[in-house]
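Colleague: For reference, the file coords_7.txt (compact mmCIF, C-alpha atoms) is included below:
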```txt
# COMPACT_ATOMS: atom_id res chain seq x y z
CA MET T 1 23.55 -42.04 -23.44
CA PRO T 2 25.71 -38.93 -23.09
CA GLU T 3 28.45 -39.32 -20.55
CA THR T 4 28.37 -35.79 -19.29
CA ASN T 5 25.59 -34.19 -17.42
CA ILE T 6 25.58 -30.88 -19.21
CA PRO T 7 22.58 -28.78 -18.15
CA SER T 8 20.66 -28.97 -21.43
CA ARG T 9 20.47 -32.76 -21.19
CA LYS T 10 19.67 -32.98 -17.50
CA ALA T 11 16.12 -34.18 -18.12
CA ALA T 12 17.37 -37.37 -19.68
CA TRP T 13 18.92 -38.30 -16.36
CA LEU T 14 15.78 -37.98 -14.28
CA PRO T 15 14.57 -41.57 -14.65
CA ARG T 16 17.92 -42.68 -13.36
CA LEU T 17 17.73 -40.62 -10.20
CA ALA T 18 17.57 -43.77 -8.14
CA LEU T 19 21.08 -44.52 -9.24
CA ALA T 20 22.37 -41.00 -8.86
CA ALA T 21 24.22 -41.81 -5.68
CA VAL T 22 26.56 -44.14 -7.47
CA MET T 23 26.94 -42.13 -10.65
CA PRO T 24 29.96 -39.89 -11.09
CA ALA T 25 29.18 -36.61 -9.40
CA LEU T 26 28.98 -33.57 -11.63
CA ILE T 27 30.86 -30.54 -10.57
CA ALA T 28 28.72 -27.77 -11.98
CA GLY T 29 30.28 -25.19 -14.22
CA HIS T 30 31.41 -22.36 -12.02
CA GLY T 31 31.09 -19.56 -14.49
CA ALA T 32 34.80 -19.06 -15.11
CA ALA T 33 35.28 -18.75 -18.84
CA ALA T 34 38.47 -19.57 -20.69
CA GLN T 35 40.81 -16.58 -20.63
CA GLU T 36 44.07 -15.58 -22.19
CA ALA T 37 46.88 -16.46 -19.82
CA GLU T 38 50.64 -16.55 -19.36
CA LEU T 39 52.28 -19.74 -18.12
CA ALA T 40 53.62 -19.25 -14.60
CA PRO T 41 57.27 -20.13 -13.83
CA THR T 42 56.35 -23.39 -12.12
CA PRO T 43 57.04 -26.96 -13.28
CA ILE T 44 55.07 -28.31 -16.24
CA GLU T 45 54.02 -31.64 -14.74
CA ALA T 46 51.53 -32.80 -17.33
CA MET T 47 51.13 -32.56 -21.09
CA ALA T 48 48.73 -33.95 -23.66
CA TYR T 49 47.77 -33.27 -27.25
CA ASP T 50 44.19 -33.04 -28.45
CA ALA T 51 44.49 -34.14 -32.07
CA GLY T 52 40.85 -33.26 -32.79
CA SER T 53 41.38 -29.54 -32.21
CA LYS T 54 45.19 -29.56 -32.68
CA ALA T 55 45.60 -28.21 -29.16
CA LEU T 56 48.52 -28.57 -26.80
CA LEU T 57 47.45 -29.00 -23.16
CA VAL T 58 49.79 -28.41 -20.24
CA GLY T 59 49.21 -28.53 -16.50
CA GLY T 60 50.90 -28.08 -13.15
CA GLN T 61 50.42 -26.30 -9.85
CA ASN T 62 48.60 -23.38 -11.46
CA GLY T 63 46.00 -25.20 -13.45
CA LEU T 64 45.45 -26.36 -17.00
CA PHE T 65 46.24 -24.38 -20.15
CA ARG T 66 45.51 -24.86 -23.82
CA SER T 67 47.26 -23.56 -26.91
CA THR T 68 46.28 -23.95 -30.54
CA ASP T 69 49.26 -22.00 -31.91
CA GLU T 70 52.15 -24.14 -30.68
CA GLY T 71 52.52 -22.27 -27.44
CA GLN T 72 52.52 -18.67 -28.64
CA THR T 73 49.33 -17.89 -26.77
CA TRP T 74 47.56 -19.77 -23.98
CA GLN T 75 44.03 -19.98 -22.69
CA THR T 76 43.05 -21.26 -19.27
CA VAL T 77 40.93 -24.40 -19.09
CA PRO T 78 38.93 -23.54 -15.96
CA LEU T 79 39.04 -26.17 -13.22
CA PRO T 80 36.57 -26.67 -10.36
CA PRO T 81 37.49 -24.49 -7.36
CA GLY T 82 39.96 -26.13 -5.02
CA ALA T 83 40.92 -28.84 -7.49
CA GLY T 84 44.57 -28.40 -6.59
CA GLU T 85 47.69 -29.35 -8.45
CA ILE T 86 47.61 -31.29 -11.74
CA ALA T 87 49.94 -34.27 -11.88
CA ALA T 88 48.73 -35.71 -15.18
CA THR T 89 46.46 -34.96 -18.09
CA ALA T 90 45.33 -37.18 -20.94
CA VAL T 91 43.12 -37.05 -23.99
CA PRO T 92 41.20 -40.20 -24.91
CA ALA T 93 41.69 -41.79 -28.34
CA ARG T 94 39.51 -40.26 -31.05
CA SER T 95 38.12 -37.75 -28.60
CA ASP T 96 36.07 -34.67 -29.16
CA ASN T 97 37.06 -32.06 -26.60
CA ALA T 98 37.36 -34.64 -23.81
CA ILE T 99 40.17 -34.09 -21.32
CA TYR T 100 41.10 -36.01 -18.16
CA VAL T 101 43.09 -34.43 -15.40
CA ALA T 102 44.40 -36.07 -12.25
CA GLY T 103 46.28 -34.90 -9.19
CA PRO T 104 47.18 -35.60 -5.58
CA ASP T 105 44.04 -33.90 -4.23
CA MET T 106 41.55 -34.07 -7.10
CA GLY T 107 41.57 -37.73 -8.04
CA VAL T 108 40.41 -37.96 -11.65
CA LEU T 109 38.22 -35.36 -13.36
CA ARG T 110 36.90 -35.25 -16.90
CA THR T 111 35.49 -32.49 -19.05
CA ASP T 112 33.82 -32.83 -22.43
CA ASP T 113 33.45 -29.11 -23.03
CA ARG T 114 36.91 -27.66 -22.41
CA GLY T 115 36.36 -26.97 -18.76
CA GLU T 116 32.87 -25.49 -18.71
CA SER T 117 31.79 -28.47 -16.61
CA TRP T 118 33.65 -31.33 -15.00
CA SER T 119 32.68 -34.82 -13.88
CA ASN T 120 34.29 -36.17 -10.75
CA LEU T 121 35.29 -39.78 -11.50
CA ASN T 122 36.42 -40.86 -8.07
CA SER T 123 33.73 -43.34 -7.09
CA GLY T 124 35.56 -46.63 -7.17
CA LEU T 125 38.97 -45.16 -6.40
CA PRO T 126 40.17 -45.73 -2.81
CA ASN T 127 41.09 -42.05 -2.35
CA PRO T 128 41.64 -38.97 -4.49
CA HIS T 129 45.44 -39.18 -4.38
CA VAL T 130 46.34 -39.88 -8.01
CA THR T 131 49.87 -39.24 -9.25
CA ALA T 132 49.76 -40.68 -12.76
CA LEU T 133 47.13 -41.19 -15.44
CA ALA T 134 47.13 -42.65 -18.95
CA ALA T 135 44.50 -42.86 -21.64
CA HIS T 136 44.44 -46.06 -23.69
CA SER T 137 46.11 -45.37 -27.02
CA THR T 138 43.28 -46.84 -29.10
CA GLN T 139 40.22 -47.57 -26.90
CA PRO T 140 38.42 -44.27 -26.19
CA ASP T 141 36.71 -45.41 -22.98
CA THR T 142 39.73 -47.01 -21.29
CA VAL T 143 41.83 -45.04 -18.82
CA TYR T 144 44.37 -45.96 -16.12
CA ALA T 145 45.06 -44.17 -12.83
CA TYR T 146 47.87 -44.79 -10.34
CA VAL T 147 47.08 -44.41 -6.64
CA PRO T 148 50.34 -44.55 -4.62
CA GLU T 149 50.60 -47.38 -2.11
CA THR T 150 47.54 -49.03 -3.60
CA GLY T 151 48.02 -49.65 -7.29
CA ILE T 152 46.85 -49.06 -10.83
CA TYR T 153 43.13 -48.81 -11.50
CA ARG T 154 41.58 -49.33 -14.92
CA SER T 155 38.29 -47.95 -16.15
CA GLN T 156 36.69 -49.22 -19.35
CA ASP T 157 33.70 -46.90 -19.16
CA ALA T 158 35.41 -43.50 -19.30
CA GLY T 159 35.94 -43.30 -15.55
CA LYS T 160 32.45 -44.22 -14.30
CA SER T 161 33.76 -47.35 -12.62
CA TRP T 162 37.25 -48.60 -11.78
CA LYS T 163 38.88 -51.94 -11.24
CA MET T 164 42.12 -52.38 -9.32
CA MET T 165 44.50 -54.23 -11.68
CA ASP T 166 47.67 -54.63 -9.62
CA ARG T 167 50.08 -52.73 -7.40
CA GLY T 168 52.06 -51.37 -10.31
CA PRO T 169 55.61 -50.06 -9.98
CA GLU T 170 56.25 -48.33 -6.65
CA GLY T 171 56.35 -44.52 -6.90
CA THR T 172 55.05 -44.25 -10.48
CA SER T 173 55.16 -40.59 -11.52
CA HIS T 174 54.19 -40.85 -15.19
CA LEU T 175 52.24 -43.59 -16.94
CA ILE T 176 51.76 -44.04 -20.68
CA HIS T 177 49.83 -46.56 -22.76
CA THR T 178 51.19 -47.49 -26.19
CA ASN T 179 49.87 -49.52 -29.09
CA MET T 180 53.15 -51.28 -29.82
CA GLU T 181 52.50 -54.72 -31.36
CA GLY T 182 53.05 -58.02 -29.58
CA SER T 183 50.84 -57.58 -26.51
CA MET T 184 48.71 -60.48 -25.28
CA GLU T 185 45.92 -57.97 -24.70
CA SER T 186 45.59 -54.58 -26.36
CA GLY T 187 48.82 -52.68 -25.82
CA TRP T 188 51.53 -51.82 -23.32
CA LEU T 189 51.93 -49.71 -20.20
CA TYR T 190 55.18 -47.94 -19.34
CA ALA T 191 55.80 -46.35 -15.96
CA ALA T 192 58.34 -43.71 -14.97
CA THR T 193 59.57 -44.64 -11.50
CA PRO T 194 62.09 -43.32 -8.95
CA ASP T 195 64.55 -45.83 -10.43
CA GLY T 196 64.16 -46.28 -14.18
CA THR T 197 61.28 -47.22 -16.46
CA ARG T 198 59.11 -50.33 -16.11
CA VAL T 199 56.93 -52.00 -18.71
CA SER T 200 54.04 -54.49 -18.75
CA MET T 201 51.58 -55.67 -21.34
CA ASP T 202 48.21 -54.13 -20.54
CA CYS T 203 47.00 -57.48 -19.22
CA PHE T 204 49.14 -56.54 -16.18
CA CYS T 205 50.86 -59.90 -16.64
CA LEU T 206 54.38 -58.98 -15.67
CA TRP T 207 56.14 -55.71 -14.83
CA ARG T 208 59.80 -55.66 -15.76
CA ASP T 209 62.56 -53.15 -16.30
CA ALA T 210 62.39 -51.36 -19.62
CA GLY T 211 66.10 -51.14 -20.28
CA ASN T 212 68.74 -50.09 -17.80
CA LEU T 213 67.95 -46.43 -17.16
CA SER T 214 68.45 -45.59 -13.51
CA GLY T 215 67.48 -42.88 -11.08
CA PRO T 216 64.24 -40.90 -11.13
CA ILE T 217 62.58 -40.70 -14.55
CA THR T 218 61.01 -37.25 -14.83
CA GLY T 219 59.33 -37.55 -18.22
CA LEU T 220 58.20 -40.38 -20.47
CA ALA T 221 56.68 -40.34 -23.97
CA PHE T 222 56.11 -42.54 -27.00
CA ASP T 223 55.70 -41.80 -30.69
CA PRO T 224 52.10 -42.57 -31.71
CA GLN T 225 53.28 -43.09 -35.30
CA HIS T 226 56.10 -45.48 -34.31
CA PRO T 227 55.00 -47.02 -31.02
CA LYS T 228 58.36 -48.77 -30.51
CA HIS T 229 59.94 -45.33 -30.18
CA LEU T 230 60.11 -44.00 -26.63
CA TYR T 231 61.68 -40.99 -24.94
CA ALA T 232 62.64 -40.72 -21.26
CA ALA T 233 64.13 -37.88 -19.24
CA SER T 234 66.26 -38.20 -16.13
CA ASP T 235 68.97 -36.26 -14.30
CA ALA T 236 71.44 -37.87 -16.68
CA GLY T 237 69.76 -36.36 -19.75
CA LEU T 238 67.28 -37.35 -22.41
CA PHE T 239 67.16 -40.88 -23.84
CA LYS T 240 65.52 -42.49 -26.84
CA SER T 241 64.65 -46.13 -27.51
CA THR T 242 63.64 -47.57 -30.87
CA ASP T 243 62.87 -51.10 -29.61
CA GLY T 244 60.11 -50.61 -27.07
CA GLY T 245 62.42 -49.65 -24.22
CA GLN T 246 65.03 -52.39 -24.24
CA GLU T 247 67.98 -50.24 -25.34
CA TRP T 248 68.28 -46.49 -24.82
CA ILE T 249 70.66 -44.04 -26.43
CA LYS T 250 71.36 -40.52 -25.25
CA VAL T 251 69.91 -37.75 -27.41
CA SER T 252 69.98 -33.93 -27.11
CA SER T 253 68.22 -32.32 -24.18
CA PRO T 254 66.42 -28.99 -24.43
CA PRO T 255 68.88 -26.11 -23.92
CA ILE T 256 68.21 -25.47 -20.25
CA ALA T 257 70.00 -26.22 -17.04
CA ALA T 258 66.75 -27.03 -15.24
CA ALA T 259 65.20 -30.47 -15.20
CA VAL T 260 62.71 -31.73 -17.75
CA THR T 261 59.50 -32.36 -15.80
CA SER T 262 57.34 -33.90 -18.53
CA LEU T 263 57.58 -35.26 -22.07
CA MET T 264 54.91 -35.87 -24.69
CA MET T 265 54.93 -36.65 -28.40
CA ALA T 266 51.94 -35.56 -30.48
CA PRO T 267 50.63 -37.66 -33.38
CA THR T 268 52.16 -34.94 -35.57
CA GLY T 269 55.60 -36.28 -34.62
CA VAL T 270 56.53 -33.22 -32.57
CA LEU T 271 58.12 -34.03 -29.21
CA TYR T 272 57.37 -31.56 -26.40
CA ALA T 273 59.38 -31.17 -23.20
CA GLY T 274 58.06 -29.22 -20.23
CA ALA T 275 60.54 -27.89 -17.72
CA ASP T 276 60.89 -26.76 -14.14
CA GLU T 277 60.15 -23.09 -14.67
CA GLY T 278 57.18 -23.30 -16.99
CA GLU T 279 59.22 -23.41 -20.20
CA ILE T 280 58.12 -25.62 -23.08
CA PHE T 281 60.47 -26.83 -25.79
CA LYS T 282 59.71 -28.74 -28.94
CA SER T 283 61.64 -30.94 -31.32
CA SER T 284 60.48 -31.97 -34.78
CA ASP T 285 63.40 -34.30 -35.46
CA GLY T 286 63.17 -36.83 -32.64
CA ALA T 287 65.25 -34.92 -30.07
CA ALA T 288 68.16 -34.02 -32.34
CA THR T 289 67.47 -30.29 -32.13
CA TRP T 290 65.17 -28.23 -29.89
CA GLU T 291 63.50 -24.85 -29.98
CA ARG T 292 61.49 -22.97 -27.42
CA ALA T 293 57.77 -23.38 -28.15
CA GLY T 294 55.94 -20.18 -29.10
CA GLU T 295 58.99 -18.39 -30.42
CA MET H 1 28.74 -58.79 2.39
CA ASN H 2 31.15 -56.86 4.53
CA ARG H 3 30.20 -53.42 3.24
CA PRO H 4 28.17 -51.00 5.34
CA PHE H 5 24.48 -51.71 4.77
CA VAL H 6 23.52 -48.61 2.77
CA ALA H 7 26.47 -48.66 0.43
CA GLY H 8 25.97 -52.37 -0.08
CA THR H 9 22.38 -51.86 -1.14
CA LEU H 10 23.28 -49.19 -3.67
CA VAL H 11 26.01 -51.30 -5.15
CA ALA H 12 23.65 -54.24 -5.42
CA ILE H 13 21.13 -52.10 -7.31
CA THR H 14 23.65 -50.95 -9.91
CA ILE H 15 25.05 -54.41 -10.37
CA SER H 16 21.68 -55.98 -11.00
CA THR H 17 20.78 -53.15 -13.39
CA ALA H 18 23.89 -53.96 -15.36
CA GLY H 19 22.87 -57.62 -15.45
CA ALA H 20 26.08 -58.92 -13.95
CA ALA H 21 25.05 -60.06 -10.49
CA GLU H 22 25.92 -63.72 -11.01
CA GLY H 23 29.31 -65.28 -10.70
CA PRO H 24 31.05 -67.58 -13.13
CA PRO H 25 29.20 -70.82 -14.03
CA ARG H 26 30.34 -74.07 -12.49
CA LEU H 27 33.00 -75.83 -14.55
CA GLU H 28 31.79 -79.08 -16.11
CA SER H 29 33.54 -82.05 -14.55
CA GLU H 30 33.83 -83.89 -17.87
CA GLN H 31 35.67 -80.93 -19.37
CA ILE H 32 37.94 -80.74 -16.34
CA GLU H 33 38.81 -84.43 -16.61
CA LEU H 34 39.52 -84.19 -20.34
CA GLY H 35 41.55 -81.03 -19.76
CA ARG H 36 43.56 -82.63 -16.96
CA LYS H 37 44.52 -85.48 -19.31
CA VAL H 38 45.50 -83.11 -22.13
CA TYR H 39 47.49 -81.02 -19.67
CA GLY H 40 49.42 -84.01 -18.33
CA GLN H 41 50.25 -85.20 -21.83
CA TYR H 42 51.11 -81.92 -23.62
CA CYS H 43 51.73 -79.11 -21.14
CA ALA H 44 53.16 -80.47 -17.91
CA THR H 45 56.70 -80.99 -19.26
CA CYS H 46 57.10 -77.22 -19.57
CA HIS H 47 54.52 -75.71 -17.19
CA GLY H 48 55.01 -78.29 -14.42
CA SER H 49 52.85 -81.21 -13.36
CA ARG H 50 50.83 -78.97 -11.04
CA GLY H 51 51.08 -75.85 -13.20
CA GLU H 52 53.89 -74.46 -11.07
CA GLY H 53 55.84 -73.11 -14.06
CA ALA H 54 59.60 -72.75 -14.32
CA ALA H 55 61.78 -71.23 -11.63
CA ASN H 56 62.59 -67.58 -12.35
CA TRP H 57 59.83 -67.42 -14.96
CA GLN H 58 59.74 -63.64 -14.62
CA GLU H 59 63.17 -63.19 -16.13
CA GLN H 60 64.75 -64.14 -19.43
CA ASN H 61 66.93 -67.27 -19.27
CA ASP H 62 70.43 -67.65 -20.74
CA GLN H 63 69.00 -67.81 -24.27
CA GLY H 64 67.18 -64.53 -23.71
CA GLU H 65 63.75 -66.20 -23.58
CA LEU H 66 61.02 -65.93 -20.96
CA PRO H 67 60.51 -69.38 -19.36
CA PRO H 68 57.09 -71.07 -19.04
CA PRO H 69 55.01 -69.23 -16.42
CA PRO H 70 52.92 -70.92 -13.71
CA HIS H 71 49.18 -71.23 -14.31
CA GLY H 72 48.04 -70.88 -10.69
CA PRO H 73 47.30 -67.80 -8.56
CA GLU H 74 50.91 -66.55 -8.73
CA GLY H 75 50.95 -66.53 -12.56
CA HIS H 76 48.92 -64.48 -15.00
CA THR H 77 46.89 -67.07 -16.93
CA TRP H 78 43.80 -65.83 -15.04
CA ARG H 79 44.25 -62.34 -16.49
CA HIS H 80 43.47 -63.55 -20.02
CA ALA H 81 39.98 -63.79 -21.49
CA ASP H 82 38.86 -67.14 -22.95
CA ALA H 83 39.48 -65.88 -26.49
CA ALA H 84 43.08 -64.98 -25.63
CA LEU H 85 43.78 -68.30 -23.88
CA TYR H 86 42.39 -70.21 -26.84
CA HIS H 87 44.42 -68.14 -29.29
CA THR H 88 47.66 -68.56 -27.33
CA ILE H 89 47.28 -72.34 -27.10
CA ALA H 90 46.19 -72.74 -30.73
CA LYS H 91 48.70 -70.39 -32.37
CA GLY H 92 51.56 -70.48 -29.85
CA TRP H 93 53.31 -67.46 -28.41
CA ARG H 94 56.63 -65.77 -27.86
CA ASP H 95 57.38 -62.71 -25.82
CA PRO H 96 58.24 -59.90 -28.24
CA PHE H 97 61.28 -58.94 -26.12
CA ASN H 98 62.79 -62.44 -26.41
CA LYS H 99 66.23 -62.49 -28.04
CA THR H 100 65.21 -65.43 -30.28
CA ASP H 101 62.46 -65.64 -32.88
CA ARG H 102 61.09 -69.12 -32.19
CA LEU H 103 57.69 -69.76 -30.63
CA THR H 104 58.72 -70.68 -27.10
CA MET H 105 55.11 -71.61 -26.40
CA PRO H 106 54.33 -74.12 -29.17
CA ALA H 107 51.21 -73.94 -31.37
CA PHE H 108 48.74 -76.75 -30.64
CA GLU H 109 46.12 -76.23 -33.34
CA GLU H 110 47.42 -79.16 -35.39
CA ILE H 111 47.72 -81.41 -32.35
CA LEU H 112 44.63 -80.69 -30.23
CA THR H 113 40.99 -80.45 -31.31
CA PRO H 114 39.08 -77.22 -30.53
CA ASP H 115 37.26 -79.11 -27.76
CA GLU H 116 40.55 -80.24 -26.24
CA ILE H 117 41.84 -76.66 -26.29
CA ARG H 118 38.69 -75.47 -24.50
CA ALA H 119 38.98 -78.38 -22.07
CA VAL H 120 42.59 -77.70 -21.13
CA SER H 121 41.69 -74.02 -20.60
CA THR H 122 38.86 -75.17 -18.37
CA TYR H 123 41.27 -77.31 -16.38
CA LEU H 124 43.56 -74.28 -15.89
CA LYS H 125 40.61 -72.45 -14.32
CA THR H 126 40.55 -74.98 -11.48
CA LEU H 127 43.96 -73.64 -10.40
CA TRP H 128 42.76 -70.08 -9.68
CA THR H 129 41.29 -68.34 -6.65
CA GLU H 130 37.61 -67.46 -6.62
CA GLU H 131 38.44 -63.79 -7.18
CA GLN H 132 40.60 -64.62 -10.15
CA ARG H 133 37.85 -66.82 -11.59
CA GLN H 134 35.42 -63.93 -11.26
CA PHE H 135 37.82 -61.48 -12.90
CA GLN H 136 38.58 -63.81 -15.81
CA TRP H 137 34.89 -64.57 -16.30
CA GLU H 138 34.12 -60.85 -16.54
CA GLN H 139 37.00 -60.36 -18.97
CA SER H 140 35.60 -63.16 -21.14
CA GLU H 141 32.11 -61.71 -21.36
CA ASP H 142 32.79 -60.02 -24.68
CA ARG H 143 35.80 -62.18 -25.58
CA PRO H 144 34.59 -65.80 -25.30
CA PHE H 145 36.15 -68.94 -26.77
CA PRO H 146 35.85 -68.94 -30.57
CA ASN H 147 32.91 -71.01 -31.67
CA GLU H 148 34.79 -73.81 -33.40
CA GLN H 149 33.34 -77.30 -33.73
CA ASN H 150 34.65 -80.40 -31.99
```
Using the file provided, produce a representation of the structure as structure tokens.
Modeller:
Amino acid sequence: MPETNIPSRKAAWLPRLALAAVMPALIAGHGAAAQEAELAPTPIEAMAYDAGSKALLVGGQNGLFRSTDEGQTWQTVPLPPGAGEIAATAVPARSDNAIYVAGPDMGVLRTDDRGESWSNLNSGLPNPHVTALAAHSTQPDTVYAYVPETGIYRSQDAGKSWKMMDRGPEGTSHLIHTNMEGSMESGWLYAATPDGTRVSMDCFCLWRDAGNLSGPITGLAFDPQHPKHLYAASDAGLFKSTDGGQEWIKVSSPPIAAAVTSLMMAPTGVLYAGADEGEIFKSSDGAATWERAGE
Amino acid sequence: MNRPFVAGTLVAITISTAGAAEGPPRLESEQIELGRKVYGQYCATCHGSRGEGAANWQEQNDQGELPPPPHGPEGHTWRHADAALYHTIAKGWRDPFNKTDRLTMPAFEEILTPDEIRAVSTYLKTLWTEEQRQFQWEQSEDRPFPNEQN
């Protein structure tokens, strides 16, 4: 059964019309095609990497953008009208063109065709105020969404239904799932919070401090090739851990005065940092040296 | 049901279509009794006679090890599928962030029979709320106890 309701397959859904009311609503394609675009000078809040098409995805107040040449040129990924700001984006494991986006007004949306059509995945969430989102690092249909003041919801059917797992760390702004070994279930969740990073196995057994970083964490990433390796950004700089977040050492920050607003490491081993004014930097040596992406 | 009528009906339809309308089966009293005995003999010294766990179980102790957690509603035993509970009891466990390498939760596969391991897990289920029972039962649907004899 296809998960998306793209027009050519609509007939297959007819026998299920009785259930339509509880199925994720489709937001029809609105005709806007992908276009060449420049990134606006606003914070890069969200980043993801689509390994299938080797595409870098970035999002923020002005929408979602995609680059297949390391940030030299960008195309828009059209969003439904009025979707609002993007707080997080994620690509499911082993995906083919699937992208999730989430934000404070849109809840969680998913496209399987690079933005030509979107599914609204908010039935089962208490409200569409989502500030953080993570795709499971190995299970393609599992995704996590953080709803402030309520908690972390997990879906194991690509967003069709959600289950509230627990309250999660207060004020979570970024959430990542890693496949570091040693979990009682299937991996680990790390949260960037207003005061340091927190970690729990993905059974939601116990949230605890991941090391002694303090203050607001503005970006959080892990290395898919070495899942014990994590990167975190705060006002105090950029930090790296090689033991799953117990100890952190300071590493080089991108050469800007402005704050890092998101971090992401692609399976290629390249670490990307998005900043306050729409700049994107990359490091191929684990945050020893940085260069501006696209230059 | 405390949902508005219409929404409740729709939800009921989807649930029954998915074949998951029932709740967890009743626990067999013989298994509970066997499990209670096993628990008292092998588990209570660490996890407490009523499954209350150690004080401050959420933080590493002076040796840098996580203490034995409670098994009741305040703990997280109910978050694990049957397969995971069985595996933890049979093979033992240590938190990967512990500062020591020993299995702080001992392995019981040489001490308890498979049936005793299932029975003590069954006993632990009597310590949970109804909601937690439901959650754990759903988790176990595709991760049941391994099918080992006696």
Colleague: Please find the residues of chain T near chain H - the criterion being any atom within 9 Å, counting all atoms listed in the file - and write them as a list in words.
Modeller: Leu19, Ala21, Val22, Glu181, Gly182, Ser183, Met184, Glu185, Cys203, Phe204, Cys205, Leu206, Trp207, Arg208, Asp243, Gly244 and Gln246 of chain T
Colleague: Using all atoms listed in the file, which residues sit within 10 Å of region 267-273 of chain T once same-chain residues fewer than 3 positions away are excluded, as a VMD selection string?
Modeller: chain T and resid 44 46 to 51 54 56 219 to 226 231 233 253 to 254 259 to 264 279 to 287 290 to 293
Colleague: Can I get the selected residues back with C-alpha atoms, as a CSV table (one decimal), in the coordinates of the input?
Modeller:
```csv
chain,number,residue,atom,x,y,z
T,44,ILE,CA,55.1,-28.3,-16.2
T,46,ALA,CA,51.5,-32.8,-17.3
T,47,MET,CA,51.1,-32.6,-21.1
T,48,ALA,CA,48.7,-34.0,-23.7
T,49,TYR,CA,47.8,-33.3,-27.2
T,50,ASP,CA,44.2,-33.0,-28.4
T,51,ALA,CA,44.5,-34.1,-32.1
T,54,LYS,CA,45.2,-29.6,-32.7
T,56,LEU,CA,48.5,-28.6,-26.8
T,219,GLY,CA,59.3,-37.6,-18.2
T,220,LEU,CA,58.2,-40.4,-20.5
T,221,ALA,CA,56.7,-40.3,-24.0
T,222,PHE,CA,56.1,-42.5,-27.0
T,223,ASP,CA,55.7,-41.8,-30.7
T,224,PRO,CA,52.1,-42.6,-31.7
T,225,GLN,CA,53.3,-43.1,-35.3
T,226,HIS,CA,56.1,-45.5,-34.3
T,231,TYR,CA,61.7,-41.0,-24.9
T,233,ALA,CA,64.1,-37.9,-19.2
T,253,SER,CA,68.2,-32.3,-24.2
T,254,PRO,CA,66.4,-29.0,-24.4
T,259,ALA,CA,65.2,-30.5,-15.2
T,260,VAL,CA,62.7,-31.7,-17.8
T,261,THR,CA,59.5,-32.4,-15.8
T,262,SER,CA,57.3,-33.9,-18.5
T,263,LEU,CA,57.6,-35.3,-22.1
T,264,MET,CA,54.9,-35.9,-24.7
T,279,GLU,CA,59.2,-23.4,-20.2
T,280,ILE,CA,58.1,-25.6,-23.1
T,281,PHE,CA,60.5,-26.8,-25.8
T,282,LYS,CA,59.7,-28.7,-28.9
T,283,SER,CA,61.6,-30.9,-31.3
T,284,SER,CA,60.5,-32.0,-34.8
T,285,ASP,CA,63.4,-34.3,-35.5
T,286,GLY,CA,63.2,-36.8,-32.6
T,287,ALA,CA,65.2,-34.9,-30.1
T,290,TRP,CA,65.2,-28.2,-29.9
T,291,GLU,CA,63.5,-24.8,-30.0
T,292,ARG,CA,61.5,-23.0,-27.4
T,293,ALA,CA,57.8,-23.4,-28.2
```
Colleague: Find, counting all atoms listed in the file, the residue in T:Gly115, T:Pro104, T:Gly52, T:Pro126 that gets nearest to Gln35 (chain T).
Modeller: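 Checking each of T:Gly115, T:Pro104, T:Gly52, T:Pro126 against Gln35 (chain T), counting all atoms listed in the file, the winner is T:Gly115.
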Colleague: Using all atoms listed in the file, find the one residue out of T:Asp96, T:Glu247, T:Asp105, T:Asp166 that sits nearest to Ser200 (chain T).
Modeller: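 For Ser200 (chain T), the nearest of the candidates is T:Asp166.
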Colleague: CA of Pro140 (chain T) to CA of Ala158 (chain T): how many Å, to one decimal?
Modeller: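 Here the two named atoms are 7.6 Å from each other.
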Colleague: Please report the interatomic distance between CA of Gly159 (chain T) and CA of Arg110 (chain T) in Å with one decimal.
Modeller: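 Between CA of Gly159 (chain T) and CA of Arg110 (chain T) the gap works out to 8.2 Å.
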Colleague: How many Å separate CA of Val147 (chain T) from CA of Pro169 (chain T)?
Modeller: 10.8 Å
Colleague: Rank H:Glu30, H:His71, H:Arg36, H:Gly64 by their smallest atom-to-atom distance to Gly48 (chain H), using all atoms listed in the file, and report the top residue only.
Modeller: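 The closest residue to Gly48 (chain H) is H:His71.
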Colleague: Quick one: of T:Gly84, T:Gly237, T:Gly245, T:Pro255, who's nearest to Ala102 (chain T), counting all atoms listed in the file?
Modeller: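 Of all the options, T:Gly84 lies closest to Ala102 (chain T).
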Colleague: With distances taken over all atoms listed in the file, which of T:Glu85, T:Asp209, T:Asp202, T:Glu277 is nearest to Tyr153 (chain T)?
Modeller: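 Among the listed residues, T:Asp202 lies closest to Tyr153 (chain T).
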Colleague: Determine, counting all atoms listed in the file, which protein, DNA and RNA residues have an atom within 12 Å of an atom of region 37-44 of chain H; residues of the same chain fewer than 4 positions away are not included. Present the result as a count of residues only.
Modeller: 33
Colleague: Can you tell me, as an mmCIF file with C-alpha atoms, in the frame of the given file, what residues are no more than 7 Å from Met180 (chain T) when counting only C-alpha atoms, ignoring any on the same chain fewer than 3 positions away?
Modeller:
```cif
data_model
loop_
_atom_site.group_PDB
_atom_site.id
_atom_site.type_symbol
_atom_site.label_atom_id
_atom_site.label_comp_id
_atom_site.auth_asym_id
_atom_site.auth_seq_id
_atom_site.Cartn_x
_atom_site.Cartn_y
_atom_site.Cartn_z
ATOM 1 C CA GLY T 187 48.820 -52.680 -25.820
ATOM 2 C CA TRP T 188 51.530 -51.820 -23.320
ATOM 3 C CA PRO T 227 55.000 -47.020 -31.020
ATOM 4 C CA LYS T 228 58.360 -48.770 -30.510
#
```
